[in-house]
file entry.cif (mmCIF, C-alpha atoms)
data_model
loop_
_atom_site.label_atom_id
_atom_site.label_comp_id
_atom_site.auth_asym_id
_atom_site.auth_seq_id
_atom_site.Cartn_x
_atom_site.Cartn_y
_atom_site.Cartn_z
CA MET K 1 93.79 135.37 -45.63
CA ALA K 2 96.72 133.48 -47.12
CA SER K 3 96.85 132.85 -50.87
CA THR K 4 98.65 129.72 -52.00
CA HIS K 5 99.71 128.40 -55.37
CA SER K 6 102.02 125.48 -55.96
CA PHE K 7 105.20 127.58 -55.77
CA TYR K 8 104.96 129.48 -52.47
CA GLN K 9 102.45 130.88 -49.98
CA LEU K 10 101.40 134.54 -50.05
CA THR K 11 100.06 136.36 -47.00
CA PRO K 12 98.76 139.94 -47.34
CA ILE K 13 100.48 142.77 -45.49
CA LYS K 14 99.43 146.43 -45.42
CA ILE K 15 100.88 147.01 -48.89
CA GLY K 16 101.74 143.87 -50.80
CA CYS K 17 102.37 140.36 -49.54
CA GLN K 18 104.82 138.18 -47.67
CA ALA K 19 105.98 135.05 -49.48
CA ARG K 20 107.10 131.88 -47.72
CA GLY K 21 107.95 128.39 -48.83
CA ILE K 22 110.48 129.17 -51.56
CA ASP K 23 114.28 129.39 -51.49
CA LEU K 24 115.39 131.99 -54.02
CA SER K 25 119.04 131.02 -53.59
CA LYS K 26 118.30 127.91 -55.63
CA ASP K 27 117.49 127.71 -59.33
CA VAL K 28 113.80 128.05 -60.13
CA SER K 29 111.84 127.26 -63.27
CA ASP K 30 110.71 129.76 -65.87
CA GLU K 31 107.17 129.11 -64.64
CA VAL K 32 108.09 130.17 -61.11
CA ILE K 33 109.86 133.29 -62.40
CA ALA K 34 106.74 134.22 -64.40
CA GLN K 35 104.62 133.78 -61.26
CA ILE K 36 106.94 135.97 -59.19
CA LYS K 37 106.84 138.71 -61.82
CA SER K 38 103.04 138.47 -61.95
CA ASP K 39 102.78 138.68 -58.15
CA VAL K 40 105.04 141.74 -57.98
CA THR K 41 102.89 143.49 -60.61
CA LYS K 42 99.68 142.53 -58.83
CA HIS K 43 100.74 143.19 -55.23
CA ARG K 44 103.42 145.88 -55.83
CA ILE K 45 105.63 144.65 -52.97
CA VAL K 46 106.55 141.04 -52.28
CA VAL K 47 108.60 140.33 -49.16
CA PHE K 48 110.30 136.96 -49.51
CA LYS K 49 110.97 135.68 -45.99
CA ASP K 50 113.74 133.39 -44.76
CA GLN K 51 116.12 134.04 -47.66
CA HIS K 52 119.35 133.40 -45.78
CA ASP K 53 121.63 132.20 -48.58
CA ILE K 54 121.25 134.73 -51.40
CA SER K 55 124.72 135.70 -52.62
CA PRO K 56 125.42 139.03 -54.34
CA ASP K 57 125.69 137.20 -57.67
CA ARG K 58 122.31 135.56 -57.09
CA HIS K 59 120.83 138.95 -56.14
CA VAL K 60 121.99 140.27 -59.52
CA GLU K 61 120.64 137.21 -61.32
CA ILE K 62 117.19 137.51 -59.71
CA SER K 63 117.04 141.22 -60.56
CA LYS K 64 117.72 140.45 -64.22
CA TRP K 65 114.46 138.47 -64.35
CA PHE K 66 112.76 141.88 -64.48
CA GLY K 67 114.87 143.47 -67.19
CA GLU K 68 118.12 145.27 -67.88
CA LEU K 69 119.82 146.64 -64.76
CA GLU K 70 120.62 150.33 -64.32
CA SER K 71 123.59 151.08 -62.08
CA SER K 72 125.23 154.10 -63.70
CA SER K 73 123.76 156.69 -61.36
CA PHE K 74 124.95 155.68 -57.90
CA TYR K 75 128.26 155.77 -56.08
CA LYS K 76 130.10 152.47 -55.99
CA HIS K 77 131.10 152.00 -52.35
CA PRO K 78 134.41 150.14 -51.95
CA LYS K 79 132.64 147.37 -50.01
CA SER K 80 129.92 146.84 -52.59
CA PRO K 81 130.28 143.27 -53.90
CA SER K 82 129.09 144.21 -57.41
CA LEU K 83 128.95 147.23 -59.69
CA ASP K 84 125.20 146.59 -59.95
CA ILE K 85 124.64 146.73 -56.17
CA PHE K 86 124.09 150.00 -54.34
CA ARG K 87 125.35 149.39 -50.80
CA VAL K 88 123.85 151.67 -48.13
CA SER K 89 124.51 151.74 -44.41
CA ASN K 90 124.47 153.67 -41.16
CA ASP K 91 128.28 153.44 -41.12
CA GLU K 92 130.17 155.25 -43.89
CA THR K 93 132.98 152.70 -43.76
CA GLU K 94 130.45 149.99 -44.68
CA GLY K 95 128.21 151.72 -47.21
CA CYS K 96 126.76 155.00 -48.44
CA THR K 97 125.01 156.93 -45.66
CA ASN K 98 121.90 159.17 -45.56
CA VAL K 99 120.45 157.37 -48.58
CA GLY K 100 116.69 157.72 -49.02
CA ARG K 101 116.45 160.57 -46.53
CA THR K 102 115.48 163.39 -48.94
CA GLY K 103 111.75 162.73 -48.67
CA TRP K 104 109.17 160.61 -50.44
CA HIS K 105 110.24 159.46 -53.88
CA ILE K 106 110.45 156.83 -56.54
CA ASP K 107 113.92 155.97 -57.80
CA GLY K 108 115.32 157.18 -61.10
CA THR K 109 113.19 160.26 -61.78
CA PHE K 110 116.30 161.90 -63.23
CA PHE K 111 116.13 159.46 -66.16
CA GLN K 112 113.76 159.81 -69.11
CA LYS K 113 112.54 156.34 -68.09
CA PRO K 114 112.47 156.03 -64.26
CA TYR K 115 113.51 152.67 -62.79
CA SER K 116 110.86 149.98 -63.10
CA TYR K 117 111.73 147.73 -60.14
CA SER K 118 113.86 147.79 -57.01
CA VAL K 119 115.23 144.62 -55.43
CA TYR K 120 116.40 144.85 -51.81
CA HIS K 121 118.43 142.53 -49.61
CA MET K 122 119.18 143.57 -46.02
CA VAL K 123 122.48 141.84 -45.35
CA HIS K 124 122.99 143.28 -41.85
CA VAL K 125 119.80 143.95 -39.89
CA PRO K 126 119.89 146.62 -37.16
CA LYS K 127 117.62 146.81 -34.12
CA ARG K 128 115.80 149.73 -35.80
CA GLY K 129 115.86 151.19 -39.30
CA ASP K 130 112.68 150.64 -41.32
CA THR K 131 112.07 151.28 -45.00
CA VAL K 132 108.69 152.98 -45.44
CA PHE K 133 106.43 152.54 -48.48
CA ALA K 134 103.26 154.28 -49.71
CA PRO K 135 100.83 153.23 -52.47
CA LEU K 136 100.75 155.88 -55.19
CA ASN K 137 97.46 155.03 -56.86
CA GLU K 138 95.62 155.21 -53.53
CA ILE K 139 97.07 158.66 -52.88
CA ILE K 140 95.77 159.90 -56.25
CA MET K 141 92.35 158.32 -55.93
CA GLY K 142 91.96 159.66 -52.40
CA LEU K 143 92.27 163.27 -53.55
CA PRO K 144 89.20 165.48 -53.87
CA GLU K 145 88.28 165.88 -57.54
CA ASP K 146 89.40 169.50 -57.79
CA GLN K 147 92.78 168.71 -56.25
CA ARG K 148 93.25 165.66 -58.48
CA ASN K 149 92.46 167.80 -61.54
CA LYS K 150 95.00 170.35 -60.31
CA TRP K 151 97.70 167.68 -60.01
CA GLU K 152 96.86 166.44 -63.52
CA ARG K 153 98.07 169.82 -64.80
CA LEU K 154 101.46 169.54 -63.08
CA TRP K 155 104.72 168.20 -64.49
CA MET K 156 107.75 167.68 -62.25
CA VAL K 157 111.00 169.22 -63.44
CA CYS K 158 113.75 167.00 -62.11
CA ASP K 159 116.63 168.85 -63.69
CA ARG K 160 116.23 172.11 -65.61
CA ARG K 161 119.63 171.63 -67.26
CA GLY K 162 118.96 168.11 -68.47
CA ASN K 163 115.39 168.86 -69.50
CA ILE K 164 114.02 165.93 -67.50
CA ILE K 165 110.32 166.71 -67.13
CA HIS K 166 107.69 164.13 -66.17
CA PRO K 167 103.92 164.35 -65.63
CA LEU K 168 103.15 164.24 -61.91
CA ILE K 169 100.27 161.84 -62.64
CA TYR K 170 100.58 159.31 -65.45
CA SER K 171 99.63 155.75 -66.46
CA HIS K 172 101.56 152.86 -64.95
CA PRO K 173 103.13 151.03 -67.94
CA GLU K 174 102.08 147.55 -66.74
CA THR K 175 98.72 148.02 -65.01
CA GLY K 176 97.44 151.22 -66.63
CA GLU K 177 96.48 152.57 -63.20
CA LYS K 178 97.26 156.18 -62.40
CA THR K 179 100.49 156.63 -60.48
CA LEU K 180 102.81 159.44 -59.40
CA CYS K 181 106.24 160.47 -60.64
CA VAL K 182 107.49 162.09 -57.46
CA HIS K 183 110.78 162.90 -55.76
CA MET K 184 110.55 165.40 -52.92
CA GLY K 185 114.32 165.91 -52.85
CA MET K 186 114.98 166.13 -56.60
CA THR K 187 112.30 168.46 -57.92
CA ASP K 188 113.77 171.72 -59.18
CA ALA K 189 110.38 173.13 -60.16
CA PHE K 190 106.98 172.23 -61.55
CA MET K 191 105.55 173.10 -64.93
CA TRP K 192 101.88 173.93 -65.30
CA ASP K 193 99.92 172.86 -68.40
CA LYS K 194 102.88 171.57 -70.41
CA GLY K 195 102.40 171.88 -74.16
CA THR K 196 99.58 174.40 -73.95
CA PRO K 197 99.46 178.20 -74.27
CA LYS K 198 99.16 178.34 -70.44
CA GLU K 199 102.48 176.53 -69.91
CA ARG K 200 104.64 178.13 -67.22
CA MET K 201 107.32 177.17 -64.70
CA THR K 202 106.90 177.64 -60.95
CA ASP K 203 109.27 179.82 -58.95
CA TRP K 204 110.96 178.48 -55.82
CA LYS K 205 108.15 179.64 -53.49
CA GLU K 206 105.37 178.01 -55.49
CA THR K 207 107.52 174.88 -55.93
CA ALA K 208 107.95 174.62 -52.15
CA GLU K 209 104.20 175.08 -51.61
CA LEU K 210 103.36 172.32 -54.09
CA LEU K 211 105.92 169.95 -52.59
CA LYS K 212 104.42 170.59 -49.15
CA GLU K 213 100.94 169.86 -50.53
CA ILE K 214 102.11 166.59 -52.10
CA ASN K 215 104.03 165.55 -49.00
CA HIS K 216 100.92 166.11 -46.88
CA GLU K 217 99.13 163.33 -48.73
CA PHE K 218 101.86 160.88 -47.67
CA ILE K 219 101.85 161.85 -43.99
CA LYS K 220 98.28 162.94 -43.18
CA ASP K 221 96.05 161.08 -40.72
CA ASN K 222 99.03 160.03 -38.65
CA LYS K 223 100.73 158.39 -41.66
CA ALA K 224 97.76 156.09 -42.17
CA ILE K 225 98.58 155.29 -45.79
CA GLN K 226 102.16 154.21 -45.08
CA TYR K 227 103.59 150.73 -44.60
CA SER K 228 106.74 150.73 -42.47
CA HIS K 229 108.71 147.56 -43.10
CA LYS K 230 110.60 146.34 -40.07
CA TRP K 231 113.47 144.34 -41.50
CA GLU K 232 114.14 140.83 -40.27
CA VAL K 233 117.08 138.56 -41.02
CA GLY K 234 116.43 136.82 -44.34
CA ASP K 235 114.12 139.48 -45.83
CA PHE K 236 114.40 139.94 -49.60
CA ILE K 237 112.03 142.48 -51.16
CA ILE K 238 111.05 142.96 -54.78
CA SER K 239 109.04 146.13 -55.33
CA ASP K 240 107.37 147.85 -58.25
CA ASN K 241 109.23 151.17 -58.11
CA LEU K 242 106.58 152.92 -60.22
CA ALA K 243 103.65 151.84 -58.02
CA VAL K 244 104.97 152.61 -54.53
CA GLY K 245 106.84 155.58 -53.17
CA HIS K 246 109.34 155.04 -50.39
CA GLU K 247 111.80 156.64 -48.03
CA ALA K 248 114.23 155.41 -45.41
CA ALA K 249 113.00 156.02 -41.88
CA GLU K 250 114.93 158.56 -39.83
CA GLU K 251 116.00 155.68 -37.60
CA SER K 252 117.94 154.17 -40.53
CA GLN K 253 120.79 156.58 -39.75
CA ILE K 254 121.03 155.98 -36.01
CA PRO K 255 124.71 155.25 -35.31
CA ARG K 256 125.91 151.68 -35.44
CA LYS K 257 126.96 151.75 -31.78
CA GLU K 258 123.33 152.33 -30.76
CA VAL K 259 121.36 149.97 -33.02
CA GLY K 260 123.95 147.77 -34.68
CA LEU K 261 125.17 147.69 -38.26
CA ARG K 262 122.65 148.34 -41.04
CA VAL K 263 123.71 147.30 -44.54
CA LEU K 264 121.20 147.19 -47.37
CA HIS K 265 121.97 146.04 -50.91
CA ARG K 266 119.70 147.50 -53.59
CA ILE K 267 119.56 146.76 -57.29
CA THR K 268 117.48 148.83 -59.70
CA VAL K 269 115.98 147.64 -62.97
CA ALA K 270 116.04 150.11 -65.87
CA GLY K 271 112.82 151.82 -66.87
CA LYS K 272 110.94 150.61 -69.91
CA GLU K 273 108.74 153.60 -70.80
CA ILE K 274 108.77 157.38 -70.62
CA PRO K 275 105.98 158.39 -68.18
CA THR K 276 102.89 159.11 -70.29
CA LYS K 277 99.24 159.86 -69.64
CA LYS K 278 97.31 157.18 -71.53
CA TYR K 279 93.94 158.67 -70.79
CA GLU K 280 91.98 161.82 -71.50
CA VAL K 281 92.79 164.57 -69.03
CA PRO K 282 89.74 166.46 -67.72
CA SER K 283 89.51 169.97 -69.13
CA VAL K 284 89.71 172.69 -66.53
#
call {"tool": "encode", "arguments": {"input": "entry.cif", "output": "structure tokens"}}
result
Amino acid sequence: MASTHSFYQLTPIKIGCQARGIDLSKDVSDEVIAQIKSDVTKHRIVVFKDQHDISPDRHVEISKWFGELESSSFYKHPKSPSLDIFRVSNDETEGCTNVGRTGWHIDGTFFQKPYSYSVYHMVHVPKRGDTVFAPLNEIIMGLPEDQRNKWERLWMVCDRRGNIIHPLIYSHPETGEKTLCVHMGMTDAFMWDKGTPKERMTDWKETAELLKEINHEFIKDNKAIQYSHKWEVGDFIISDNLAVGHEAAEESQIPRKEVGLRVLHRITVAGKEIPTKKYEVPSV
């Protein structure tokens, strides 16, 4: 069922909503910006359709509605139109390749405060090359109680050298719902029972076993929990990076000669909080 307010029409999709009836290339009021921010928090993903005239500068401007931008961590491709835009592609002459292909993740886990939002604009749409999303709270709440309690004891070690360690399960800073700090391709180890006498680090074998267990929850039941977004010309997505995990589909790297050019511009908004459990953890 469609949901309409005076600014644009929202239609539910598997995760989030599609929005129609607004042109983001034009100036909008503070009231509209507040509504968009509220809808992104509520729905986690908002796909704005028919956005054909959003310039790189406007992409940056829209992203700044959500906070300070964070662009220090990614490679600046020569064809990127802005230092704040991460340009990815299936053609290395057009953008960075193999991006998002290291497994399920949120962006920015290597920071003390992972990115809060991601803002995507597909500027060249290929025949195939989805971006796939998964709802993190639903994954947690779908776990058997004993497995959920086990995950509550785990902290992901993103970089042993930089001492970046986050709780696997923590409280979303805006909604308070439980969410995951996960990056299948950037987890050096896990720490059990951080801050207690039972604290210990996993070895490579146990780390691999835990990553396999976590990954299973994203792919089980024939990927039932996933939403695979098939890009169309004019799609502009704002997502809550802390509420949904994502990865680029394998098809995103099919050569240009087979599926056409794929160029995605992504901007990331800096994190606002260090991941923290704002609830009492069950004793085990």
call {"tool": "resolve_selection", "arguments": {"input": "entry.cif", "expression": "the PyMOL selection byres ((chain K and resi 170-175) around 6)", "output": "ChimeraX atom specification"}}
result
/K:169,176-179,276-278
call {"tool": "atom_distance", "arguments": {"input": "entry.cif", "atom1": "CA of Asp57 (chain K)", "atom2": "CA of Leu242 (chain K)"}}
result
24.9 Å
call {"tool": "residues_around", "arguments": {"input": "entry.cif", "residues": "Glu70 (chain K)", "least_positions_apart": "6", "cutoff": "12 Å", "atoms": "all atoms listed in the file", "output": "PyMOL selection string"}}
result
chain K and resi 60+63-64+83-86+107-108+111+113-119+266-272
call {"tool": "resolve_selection", "arguments": {"input": "entry.cif", "expression": "the PyMOL selection byres ((chain K and resi 35-40) around 10)", "output": "PyMOL selection string"}}
result
chain K and resi 5+7-8+10+16-17+19+29-34+41-47+65-66+117+237-240
call {"tool": "atom_distance", "arguments": {"input": "entry.cif", "atom1": "CA of Met191 (chain K)", "atom2": "CA of Leu154 (chain K)"}}
result
5.7 Å
call {"tool": "decode", "arguments": {"input": "entry.cif", "residues": "region 137-149 of chain K", "atoms": "all heavy atoms", "output": "compact mmCIF listing (two decimals), in the first residue's frame"}}
result
# COMPACT_ATOMS: atom_id res chain seq x y z
N ASN K 137 18.64 -5.77 11.87
CA ASN K 137 17.85 -6.09 13.05
C ASN K 137 17.09 -7.40 12.88
O ASN K 137 17.02 -8.21 13.81
CB ASN K 137 16.88 -4.95 13.37
CG ASN K 137 16.02 -5.24 14.59
OD1 ASN K 137 14.85 -5.63 14.46
ND2 ASN K 137 16.58 -5.07 15.78
N GLU K 138 16.55 -7.63 11.70
CA GLU K 138 15.81 -8.87 11.45
C GLU K 138 16.71 -10.09 11.55
O GLU K 138 16.29 -11.16 12.01
CB GLU K 138 15.13 -8.82 10.09
CG GLU K 138 13.86 -7.99 10.06
CD GLU K 138 14.11 -6.52 9.74
OE1 GLU K 138 15.19 -6.00 10.12
OE2 GLU K 138 13.24 -5.90 9.11
N ILE K 139 17.96 -9.95 11.12
CA ILE K 139 18.89 -11.07 11.25
C ILE K 139 19.11 -11.40 12.72
O ILE K 139 19.07 -12.57 13.12
CB ILE K 139 20.22 -10.73 10.56
CG1 ILE K 139 20.04 -10.77 9.04
CG2 ILE K 139 21.33 -11.70 10.99
CD1 ILE K 139 21.26 -10.36 8.24
N ILE K 140 19.32 -10.37 13.55
CA ILE K 140 19.54 -10.61 14.98
C ILE K 140 18.32 -11.23 15.63
O ILE K 140 18.41 -12.24 16.35
CB ILE K 140 19.89 -9.28 15.69
CG1 ILE K 140 21.21 -8.72 15.17
CG2 ILE K 140 19.95 -9.47 17.21
CD1 ILE K 140 21.46 -7.28 15.57
N MET K 141 17.15 -10.65 15.38
CA MET K 141 15.94 -11.11 16.04
C MET K 141 15.49 -12.47 15.55
O MET K 141 14.71 -13.15 16.22
CB MET K 141 14.83 -10.08 15.86
CG MET K 141 15.17 -8.67 16.38
SD MET K 141 15.98 -8.65 18.01
CE MET K 141 14.61 -9.23 19.05
N GLY K 142 15.99 -12.89 14.39
CA GLY K 142 15.65 -14.22 13.88
C GLY K 142 16.52 -15.34 14.41
O GLY K 142 16.27 -16.52 14.13
N LEU K 143 17.54 -14.98 15.20
CA LEU K 143 18.43 -16.00 15.75
C LEU K 143 17.77 -16.73 16.91
O LEU K 143 17.02 -16.12 17.69
CB LEU K 143 19.72 -15.35 16.26
CG LEU K 143 20.63 -14.65 15.25
CD1 LEU K 143 21.74 -13.91 15.97
CD2 LEU K 143 21.21 -15.65 14.26
N PRO K 144 18.05 -18.01 17.07
CA PRO K 144 17.65 -18.69 18.31
C PRO K 144 18.29 -17.99 19.51
O PRO K 144 19.37 -17.39 19.39
CB PRO K 144 18.21 -20.10 18.14
CG PRO K 144 18.44 -20.27 16.67
CD PRO K 144 18.76 -18.90 16.14
N GLU K 145 17.65 -18.05 20.66
CA GLU K 145 18.12 -17.30 21.82
C GLU K 145 19.55 -17.62 22.19
O GLU K 145 20.34 -16.72 22.51
CB GLU K 145 17.20 -17.54 23.01
CG GLU K 145 17.57 -16.70 24.23
CD GLU K 145 16.61 -16.92 25.39
OE1 GLU K 145 15.71 -17.77 25.27
OE2 GLU K 145 16.77 -16.24 26.42
N ASP K 146 19.93 -18.89 22.15
CA ASP K 146 21.29 -19.25 22.55
C ASP K 146 22.32 -18.70 21.56
O ASP K 146 23.40 -18.25 21.96
CB ASP K 146 21.44 -20.76 22.69
CG ASP K 146 21.11 -21.53 21.42
OD1 ASP K 146 20.47 -20.95 20.51
OD2 ASP K 146 21.49 -22.72 21.32
N GLN K 147 21.98 -18.67 20.29
CA GLN K 147 22.90 -18.12 19.30
C GLN K 147 22.98 -16.60 19.43
O GLN K 147 24.07 -16.02 19.32
CB GLN K 147 22.46 -18.50 17.89
CG GLN K 147 23.48 -18.12 16.81
CD GLN K 147 23.06 -18.57 15.42
OE1 GLN K 147 21.91 -18.95 15.19
NE2 GLN K 147 23.98 -18.52 14.47
N ARG K 148 21.85 -15.96 19.69
CA ARG K 148 21.87 -14.51 19.87
C ARG K 148 22.70 -14.13 21.10
O ARG K 148 23.46 -13.17 21.06
CB ARG K 148 20.44 -13.98 20.01
CG ARG K 148 20.36 -12.45 20.04
CD ARG K 148 18.97 -11.94 19.72
NE ARG K 148 17.99 -12.34 20.71
CZ ARG K 148 16.97 -13.16 20.48
NH1 ARG K 148 16.80 -13.71 19.29
NH2 ARG K 148 16.11 -13.46 21.44
N ASN K 149 22.57 -14.90 22.17
CA ASN K 149 23.38 -14.64 23.37
C ASN K 149 24.87 -14.85 23.08
O ASN K 149 25.72 -14.11 23.61
CB ASN K 149 22.92 -15.54 24.51
CG ASN K 149 21.57 -15.15 25.06
OD1 ASN K 149 21.10 -14.02 24.85
ND2 ASN K 149 20.91 -16.06 25.75
